[in-house]
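The structure appears right after this line, and notes come after that.
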Amino acid sequence: MENNVPRVRFAPSPTGFLHIGGARTALFNWLYARHNDGVFVFRIEDTDRTRSTDEYIAAILDGMKWLGLDWDEGPYRQTDRMDIYKKYIRKLIDEDKAYYCYCSPGELEQRRKEAAGTGGHMKYDGRCRERKTPVPDVRPVVRFRMPRDGKTVVEDLIRGNVAYDNAMFDDFIIMRSDGTPTYNFVVVVDDVEMGMTHIIRGDDHLNNTPKQIHIYRALGCNVPKFAHLPMILGSDKTRLSKRHGATSVQAYREMGYLPEALLNYLVRLGWSYGDQEVFSRDELVEKFTLDNIGKAAAVFNPEKLLWMNGQYMKDTPSSKLGELVMPFLVRDGILSEGHALDEEWLSRAIDTLKERAKTLVDMAKSLRYYIAEEVEFDEKARAKFLNEKSLPYLEDLRDAVSADDDFSERSLEEIFKAIMEKHDIKLRKIAQPVRVAMTGGTESPGIFEILDIIGKEKVIKRLEKAITMIKVS
RNA sequence: GUCCCUAUCGUCUAGCCUGGCCUAGGACAUCGCCCUUUCAAGGCGGUAACACGGGUUCAAAUCCCGUUGGGGACGCCA
């Protein structure tokens, strides 16, 4: 044959932001394509015109780009392809594989309710199946003629063979009365037209698959391979939703997560490679295969994601983190827009912070005390450490630092040592008050490190401020 | 209601296909200790799971059946 290049796709519907589950589906498809030197197609399923918006399309594109999931074809939009669908529907009607149905939504809803009440099947009864004449003044839908007996087997790469009794399916609608086609139909037409070889998607589509298989057959096309991914659930084991906290990719972006970390966390929801937890992108591409995917649904655990992000923060070069943290500094009012920082200085500051910061937001927050003119004090910390007791140490330190032309880590250590000896105290007695004077709080990198980063001038200023505060109170 | 999927520590998972190496391994979280100028990080150690019941077998987390739990689908949503 002409070729056997695997072709896969990610096909979200733009009725919301790119969420965690969608991102993972996209990731698995992307990895499959990259691992197998295949083609990754991006398609927007926007046939639901009432709920799809351009804003969401833009947001999903943005999310994909941020995650670095680049596509080889697309994005295709189904609303641009209506002529294609109409052509196929025409064909099915002409071949009597589909037919017009004149039942109104109200009638259908009514019958469904009755069926549910009496324990029967909630499916369309097929009453327009053999109708030869149109009902006047009614815009009909088009239904697909499903077989009434026999079985349909879905050969799933993850779940094995799954058999369905055809008797349980009804003749589903493939075209609405307004002339637009529906999901189960367009998805097949597009996957056929776009030459998809593998359909990797959420588990929630497994039950749709037999219907789609019959469409493939009716169209006279090859059925692709299917791989249905286990779902991602919230902490209470129900479908992941806003109730469980942030679910959109951009929300994590705004909380200061790194795309690589999010991807790494997501890939481990359902996929594993022995005991390994941390994978570079290249490693993932190299190691990803469908047979390491589990079958059971996974619970999304924000704490592990946070840990994962910390791992990536540590391993990201400080210069890179500097670039990444800039927007957060501006957003959180730590730096005014357009104000530049010395790159080398920022890098050094980040060196001291990246081991402890779990997110870019954390880092920005810590950077505040390096950058700001005025320290913001935590009241508890201030009360505990900036008081009469620490006053003499702070005064001594101010005097010594002012006289210290060197202001190196080494000279500072000497100064501290001298003060410790003079007052016969341990380092902690002086380090904590100084830390509070410098940062406003009790948590920070090593005391000599932060003095070095803050710089002599500001150090003296902050010591003065602390001393004044103690004296005034 | 009907159908489909699924089931190892609180959570993500390895092991299951090709039974014995499993007194079930790793990671997050948690607890304790160490390191220490704080908070982290790091190091060391601990608590913690084969859902249940039947089979098959010399032997079952691993194979079979059932039960229960969880999830999903049954739309003129995707």
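As shown in the structure tokens, the chain order sets the letters A, B, ...; within each chain, residues go from 1, and ligands are also counted from 1 in the order they appear.
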
Next item on the list: Residues of chain B near chain A: apply a cut-off of 12 Å, count only C-alpha atoms (C1' of nucleotides), and supply the list as a ChimeraX atom specification.
Entry: /B:1-8,10-17,25-29,36-42,69-78

Notebook entry, point to check: Restricting the calculation to only C-alpha atoms (C1' of nucleotides), which member of B:U56, B:G45, B:C65, B:C9 is positioned closest to B:A24?
Noted result: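 Ranked by minimum distance to B:A24, first place goes to B:C9.
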
Next item on the list: List every residue of stretch 151-382 of chain A that DSSP, applied to the backbone of this structure, places in strand (DSSP E or B), and write the result as number ranges by chain.
Entry: A: 151-156, 160-165, 173-175, 181, 198-202, 225-229, 232-233, 239, 248, 271, 293, 298-299

Selection to disk with C-alpha atoms, as a PDB file, in the first residue's frame:
```pdb
ATOM      1  CA  LYS A 151     -23.362  -8.611  17.853  1.00  0.00           C
ATOM      2  CA  THR A 152     -20.801  -5.909  17.317  1.00  0.00           C
ATOM      3  CA  VAL A 153     -17.323  -6.388  18.680  1.00  0.00           C
ATOM      4  CA  VAL A 154     -15.027  -3.504  19.479  1.00  0.00           C
ATOM      5  CA  GLU A 155     -11.415  -4.592  19.305  1.00  0.00           C
ATOM      6  CA  ASP A 156      -9.786  -2.291  21.797  1.00  0.00           C
ATOM      7  CA  GLY A 160      -9.399  -6.306  24.482  1.00  0.00           C
ATOM      8  CA  ASN A 161     -12.565  -7.375  22.690  1.00  0.00           C
ATOM      9  CA  VAL A 162     -15.792  -5.864  23.923  1.00  0.00           C
ATOM     10  CA  ALA A 163     -19.010  -7.320  22.552  1.00  0.00           C
ATOM     11  CA  TYR A 164     -22.373  -5.585  22.290  1.00  0.00           C
ATOM     12  CA  ASP A 165     -25.784  -6.915  21.390  1.00  0.00           C
ATOM     13  CA  ILE A 173     -29.775  10.673  14.741  1.00  0.00           C
ATOM     14  CA  ILE A 174     -26.992  11.619  12.361  1.00  0.00           C
ATOM     15  CA  MET A 175     -28.470  14.898  11.168  1.00  0.00           C
ATOM     16  CA  PRO A 181     -24.803  16.508  11.506  1.00  0.00           C
ATOM     17  CA  HIS A 198      -5.756   4.810  15.588  1.00  0.00           C
ATOM     18  CA  ILE A 199      -8.426   6.412  17.722  1.00  0.00           C
ATOM     19  CA  ILE A 200      -7.069   7.145  21.175  1.00  0.00           C
ATOM     20  CA  ARG A 201      -9.713   8.775  23.341  1.00  0.00           C
ATOM     21  CA  GLY A 202     -11.459   8.702  26.697  1.00  0.00           C
ATOM     22  CA  LYS A 225      -7.818   0.629  15.780  1.00  0.00           C
ATOM     23  CA  PHE A 226      -9.284   1.871  19.030  1.00  0.00           C
ATOM     24  CA  ALA A 227      -7.645   2.551  22.370  1.00  0.00           C
ATOM     25  CA  HIS A 228      -9.908   3.785  25.145  1.00  0.00           C
ATOM     26  CA  LEU A 229      -8.148   5.539  27.973  1.00  0.00           C
ATOM     27  CA  ILE A 232      -9.510  10.844  35.431  1.00  0.00           C
ATOM     28  CA  LEU A 233     -11.651  11.251  38.551  1.00  0.00           C
ATOM     29  CA  ARG A 239     -15.958  12.611  37.288  1.00  0.00           C
ATOM     30  CA  SER A 248      -8.282  23.738  33.283  1.00  0.00           C
ATOM     31  CA  TRP A 271       0.608   5.135  31.997  1.00  0.00           C
ATOM     32  CA  ILE A 293      -1.538   1.945  29.823  1.00  0.00           C
ATOM     33  CA  ALA A 298      -7.247   7.367  38.152  1.00  0.00           C
ATOM     34  CA  VAL A 299      -7.848   9.954  40.848  1.00  0.00           C
TER      35      VAL A 299
END
```

Notebook entry, point to check: What lies within 10 Å of A:Glu464 using only C-alpha atoms (C1' of nucleotides), ignoring chain neighbours under 6 positions off, as JSON, numbers by chain?
Noted result: {"A": [394, 395, 398, 437, 458, 470]}

Residues of the last selection are to be written out with N, CA, C and O atoms, as a PDB file, in the first residue's frame.
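What follows is the written file again-v8.pdb:
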```pdb
ATOM      1  N   LEU A 394      21.136  43.674  66.328  1.00  0.00           N
ATOM      2  CA  LEU A 394      20.858  44.349  65.063  1.00  0.00           C
ATOM      3  C   LEU A 394      21.676  45.626  64.942  1.00  0.00           C
ATOM      4  O   LEU A 394      22.185  45.958  63.868  1.00  0.00           O
ATOM      5  N   GLU A 395      21.804  46.329  66.063  1.00  0.00           N
ATOM      6  CA  GLU A 395      22.601  47.573  66.040  1.00  0.00           C
ATOM      7  C   GLU A 395      24.062  47.273  65.751  1.00  0.00           C
ATOM      8  O   GLU A 395      24.696  47.941  64.941  1.00  0.00           O
ATOM      9  N   ARG A 398      24.388  46.397  62.134  1.00  0.00           N
ATOM     10  CA  ARG A 398      24.311  47.578  61.271  1.00  0.00           C
ATOM     11  C   ARG A 398      25.654  48.314  61.256  1.00  0.00           C
ATOM     12  O   ARG A 398      26.171  48.657  60.207  1.00  0.00           O
ATOM     13  N   ALA A 437      14.075  41.010  59.604  1.00  0.00           N
ATOM     14  CA  ALA A 437      14.362  42.380  59.165  1.00  0.00           C
ATOM     15  C   ALA A 437      14.544  42.441  57.650  1.00  0.00           C
ATOM     16  O   ALA A 437      14.155  43.404  57.001  1.00  0.00           O
ATOM     17  N   LYS A 458      20.727  48.105  50.699  1.00  0.00           N
ATOM     18  CA  LYS A 458      19.396  47.739  51.194  1.00  0.00           C
ATOM     19  C   LYS A 458      19.463  47.043  52.546  1.00  0.00           C
ATOM     20  O   LYS A 458      18.572  47.186  53.376  1.00  0.00           O
ATOM     21  N   ILE A 470      11.680  48.846  66.452  1.00  0.00           N
ATOM     22  CA  ILE A 470      11.777  48.335  67.823  1.00  0.00           C
ATOM     23  C   ILE A 470      11.767  49.486  68.820  1.00  0.00           C
ATOM     24  O   ILE A 470      11.072  49.457  69.833  1.00  0.00           O
TER      25      ILE A 470
END
```

Notebook entry, point to check: So what do you get for atom C1' of B:G55 versus atom C1' of B:U18, distance-wise?
Noted result: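 Computing the Euclidean distance for atom C1' of B:G55 and atom C1' of B:U18 yields 22.0 Å.
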
Next item on the list: Using DSSP on the backbone, list every residue of stretch 228-345 of chain A that comes out as helix (DSSP H, G or I), and give them as a ChimeraX atom specification.
Entry: /A:242-244,249-254,259-267,281-287,290-292,302-315,318-331,343-345

Notebook entry, point to check: Which residue gives the smallest distance to A:Lys384 among A:Gly440, A:Arg331, A:Tyr88, A:Ala26, with only C-alpha atoms counted?
Noted result: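 Using only C-alpha atoms, A:Lys384 sits closest to A:Gly440.
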
Check: Do you have the atom CA of A:Met146-atom CA of A:Ala218 distance handy?
Finding: 9.7 Å

Next item on the list: Tell me, in Å to one decimal, how far atom CA of A:Phe385 is from atom CA of A:Ala418.
Entry: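 Separation of atom CA of A:Phe385 and atom CA of A:Ala418: 20.2 Å.
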
Report as a PDB file with all heavy atoms, in the first residue's frame all protein, DNA and RNA residues lying within 12 Å of A:Val472, evaluated on only C-alpha atoms (C1' of nucleotides), omitting residues in the same chain fewer than 2 positions from it.
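For reference, out.pdb as written:
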```pdb
ATOM      1  N   LEU A 386      11.653  40.852  66.340  1.00  0.00           N
ATOM      2  CA  LEU A 386      12.140  42.235  66.340  1.00  0.00           C
ATOM      3  C   LEU A 386      11.683  42.908  67.637  1.00  0.00           C
ATOM      4  O   LEU A 386      10.602  43.492  67.704  1.00  0.00           O
ATOM      5  CB  LEU A 386      11.617  42.995  65.114  1.00  0.00           C
ATOM      6  CG  LEU A 386      12.063  42.448  63.753  1.00  0.00           C
ATOM      7  CD1 LEU A 386      11.613  43.352  62.626  1.00  0.00           C
ATOM      8  CD2 LEU A 386      13.565  42.240  63.690  1.00  0.00           C
ATOM      9  N   ASN A 387      12.524  42.772  68.667  1.00  0.00           N
ATOM     10  CA  ASN A 387      12.148  43.298  69.974  1.00  0.00           C
ATOM     11  C   ASN A 387      13.396  43.728  70.740  1.00  0.00           C
ATOM     12  O   ASN A 387      14.507  43.676  70.219  1.00  0.00           O
ATOM     13  CB  ASN A 387      11.372  42.240  70.758  1.00  0.00           C
ATOM     14  CG  ASN A 387      12.116  40.905  70.759  1.00  0.00           C
ATOM     15  OD1 ASN A 387      13.352  40.882  70.811  1.00  0.00           O
ATOM     16  ND2 ASN A 387      11.359  39.824  70.671  1.00  0.00           N
ATOM     17  N   GLU A 388      13.216  44.176  71.954  1.00  0.00           N
ATOM     18  CA  GLU A 388      14.318  44.685  72.787  1.00  0.00           C
ATOM     19  C   GLU A 388      15.488  43.704  72.854  1.00  0.00           C
ATOM     20  O   GLU A 388      16.640  44.084  72.889  1.00  0.00           O
ATOM     21  CB  GLU A 388      13.798  44.929  74.222  1.00  0.00           C
ATOM     22  CG  GLU A 388      12.806  46.071  74.319  1.00  0.00           C
ATOM     23  CD  GLU A 388      13.419  47.413  73.917  1.00  0.00           C
ATOM     24  OE1 GLU A 388      14.647  47.574  74.035  1.00  0.00           O
ATOM     25  OE2 GLU A 388      12.650  48.281  73.450  1.00  0.00           O
ATOM     26  N   LEU A 391      17.537  43.835  69.693  1.00  0.00           N
ATOM     27  CA  LEU A 391      17.967  45.179  69.324  1.00  0.00           C
ATOM     28  C   LEU A 391      19.490  45.355  69.322  1.00  0.00           C
ATOM     29  O   LEU A 391      20.050  45.812  68.313  1.00  0.00           O
ATOM     30  CB  LEU A 391      17.305  46.209  70.251  1.00  0.00           C
ATOM     31  CG  LEU A 391      17.604  47.679  69.943  1.00  0.00           C
ATOM     32  CD1 LEU A 391      17.183  48.048  68.529  1.00  0.00           C
ATOM     33  CD2 LEU A 391      16.926  48.591  70.947  1.00  0.00           C
ATOM     34  N   LYS A 465      15.571  50.287  59.557  1.00  0.00           N
ATOM     35  CA  LYS A 465      14.109  50.251  59.666  1.00  0.00           C
ATOM     36  C   LYS A 465      13.691  49.380  60.849  1.00  0.00           C
ATOM     37  O   LYS A 465      12.849  49.774  61.657  1.00  0.00           O
ATOM     38  CB  LYS A 465      13.528  49.698  58.360  1.00  0.00           C
ATOM     39  CG  LYS A 465      12.038  49.431  58.382  1.00  0.00           C
ATOM     40  CD  LYS A 465      11.254  50.578  57.755  1.00  0.00           C
ATOM     41  CE  LYS A 465       9.746  50.352  57.836  1.00  0.00           C
ATOM     42  NZ  LYS A 465       9.261  49.497  56.736  1.00  0.00           N
ATOM     43  N   ALA A 466      14.296  48.209  60.946  1.00  0.00           N
ATOM     44  CA  ALA A 466      13.955  47.287  62.017  1.00  0.00           C
ATOM     45  C   ALA A 466      14.285  47.899  63.377  1.00  0.00           C
ATOM     46  O   ALA A 466      13.493  47.823  64.327  1.00  0.00           O
ATOM     47  CB  ALA A 466      14.693  45.968  61.826  1.00  0.00           C
ATOM     48  N   ILE A 467      15.447  48.523  63.443  1.00  0.00           N
ATOM     49  CA  ILE A 467      15.877  49.137  64.703  1.00  0.00           C
ATOM     50  C   ILE A 467      14.909  50.247  65.121  1.00  0.00           C
ATOM     51  O   ILE A 467      14.475  50.323  66.270  1.00  0.00           O
ATOM     52  CB  ILE A 467      17.314  49.694  64.554  1.00  0.00           C
ATOM     53  CG1 ILE A 467      18.296  48.507  64.463  1.00  0.00           C
ATOM     54  CG2 ILE A 467      17.669  50.610  65.713  1.00  0.00           C
ATOM     55  CD1 ILE A 467      19.675  48.886  63.930  1.00  0.00           C
ATOM     56  N   THR A 468      14.547  51.053  64.162  1.00  0.00           N
ATOM     57  CA  THR A 468      13.597  52.136  64.436  1.00  0.00           C
ATOM     58  C   THR A 468      12.267  51.577  64.920  1.00  0.00           C
ATOM     59  O   THR A 468      11.669  52.073  65.876  1.00  0.00           O
ATOM     60  CB  THR A 468      13.354  52.967  63.157  1.00  0.00           C
ATOM     61  OG1 THR A 468      14.604  53.308  62.588  1.00  0.00           O
ATOM     62  CG2 THR A 468      12.556  54.211  63.470  1.00  0.00           C
ATOM     63  N   MET A 469      11.818  50.539  64.259  1.00  0.00           N
ATOM     64  CA  MET A 469      10.537  49.932  64.638  1.00  0.00           C
ATOM     65  C   MET A 469      10.564  49.445  66.085  1.00  0.00           C
ATOM     66  O   MET A 469       9.607  49.621  66.836  1.00  0.00           O
ATOM     67  CB  MET A 469      10.208  48.749  63.713  1.00  0.00           C
ATOM     68  CG  MET A 469       9.660  49.176  62.362  1.00  0.00           C
ATOM     69  SD  MET A 469       9.569  47.786  61.195  1.00  0.00           S
ATOM     70  CE  MET A 469       8.236  46.879  61.901  1.00  0.00           C
ATOM     71  N   ILE A 470      11.680  48.846  66.452  1.00  0.00           N
ATOM     72  CA  ILE A 470      11.777  48.335  67.823  1.00  0.00           C
ATOM     73  C   ILE A 470      11.767  49.486  68.820  1.00  0.00           C
ATOM     74  O   ILE A 470      11.072  49.457  69.833  1.00  0.00           O
ATOM     75  CB  ILE A 470      13.065  47.513  68.008  1.00  0.00           C
ATOM     76  CG1 ILE A 470      13.026  46.267  67.115  1.00  0.00           C
ATOM     77  CG2 ILE A 470      13.237  47.101  69.470  1.00  0.00           C
ATOM     78  CD1 ILE A 470      14.338  45.502  67.069  1.00  0.00           C
TER      79      ILE A 470
END
```
